[in-house]
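S.K.: Before I ask anything, here is the structure I am working with.
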Amino acid sequence: MADNRRTLLGWIWPPPTIARRLAIAVAAAAGYSVLAWALNPASGVAQPVWSSQFAMWNTAILGLLVSFRTKVAYDRWWEGRILWGGLVNHSRNLCLKARELATPDVRERHEFAGLVAGFAVALMKHLRGPTRLSDVSGFEKQTVDPQHVPAYIAGRLIGFVAGWRRAGRIDGHMQQILDTNLNALMDVCGACERIRNTPHVPSYLSLLRHGLVLGFLVTPWALVEPLGAWVILVLPVMVYFLFGIELTAEAVEQPFGRDGDDLALETYCETIRKSATDILS
């Protein structure tokens with residue numbers, strides 16, 4: 001399939017997932033600019049001498065806050081991506097080591113692969129909200145109802161390996177080799193929960209959003225005299241980028257949802273399922 005992102009249309013289309021919310025802000029900016037342009041010559045009120053300086057300082061402060069906000073939000077998104085990439089690798093290594101060290105039979109291979117794939121799905125659903133074990137593919141008939149579904153499935157995997165050790169099919173060193181990847185499953189889970197449960201610092205958000213609103217209210221009155229009717233174009237462009245950055249940061253700081261800017265967790269889960277099935281088939 002051709003990569004249409006290399007075409008001119010593909011480079012600018014589709015619009016960002018925040019487009020609907022952003023369009024409201026841009027439309028409001030355009031209407032407010034028209035109001036400022038229409039009232040300025042008719043009102044007879046002179047432009048305050050401090051308006052340009054205020055707009056300049058507000059823009060400088062906004063630049064610092066927006067840069068910080070964008071970095072923190074993207075760092076959370078990127079850390080989530082690294083964690084799920086690590087989960088894919090640990091799942092593959094766990095299946096490979098289990099196959100070669102414990103030489104499981106067909107039934108064990110099928111059950112072990114189902115547990116590995118089920119952990120990824122359980123973690124995805126867990127990060128998106130409360131979930132039950134029966135909501136996980138392959139566990140629909142389970143009657144147990146654990147409070148923390150990913151931990152329950154990880155415990156099943158640990159029990160699997162412990163059973164091989166008790167049966168003498170693996171020694172203590174082999175168990176330690178498998179434990180490295182088993183422990184990593186809950187390490188990934190805990191790190192993802194930290195991202196999900198740690199919101200951005202409220203004071204930073206308040207300062208940034210207050211600055212955006214003040215800039216939105218004051219800037220057209222500072223620009224209408226030097227720019228005239230051009231302010232009707234300039235302010236919406238400014239709002240598009242400043243408000244767009246804030247809305248994008250708001251979307252990506254919680255990367256485990258279902259929005260277009262969130263991580264493709266379903267794809268990672270399917271990759272893990274296919275890898276576990278191929279390795280242990």
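We label chains A, B, ... in the order they appear in the structure tokens, count residues from 1 in each chain, and number ligands from 1 in the order shown.
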Run DSSP on the backbone and tell me which residues of range 44-276 of chain A come out as helix (DSSP H, G or I); list them as a PyMOL selection string.
M.R.: chain A and resi 51-102+106-128+133-135+149-166+172-197+202-252+265-276
S.K.: Nearest to Leu214 in chain A among A:Pro130, A:Val239, A:Arg258, A:Gly114, with distances taken over only C-alpha atoms: which residue is it?
M.R.: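 The closest residue to Leu214 in chain A is A:Val239.
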S.K.: What's around range 82-93 of chain A at 12 Å? Count only C-alpha atoms, leave out sequence neighbours fewer than 5 positions away in its own chain, and write the answer as an MDAnalysis selection string.
M.R.: chainID A and resid 75:77 98:101 112:121 123:124 154 157 177:195 255:256 263:280
S.K.: Report, in Å with one decimal, the straight-line distance from CA of Gly228 in chain A to CA of Ala25 in chain A.
M.R.: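 Computing the Euclidean distance for CA of Gly228 in chain A and CA of Ala25 in chain A yields 21.3 Å.
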S.K.: Just the residues within 10 Å of Trp164 in chain A, please, counting only C-alpha atoms, with nothing from its chain fewer than 3 positions along; format it as number ranges by chain.
M.R.: A: 98, 101-104, 159-161, 167-171, 175
S.K.: Could you check how far CA of Ser206 in chain A sits from CA of Ala29 in chain A, in Å to one decimal?
M.R.: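 Rounded to one decimal, the two atoms are 20.5 Å apart.
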S.K.: Tell me, in Å to one decimal, how far CA of Glu253 in chain A is from CA of Val237 in chain A.
M.R.: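 So the two atoms, CA of Glu253 in chain A and CA of Val237 in chain A, lie 24.2 Å apart.
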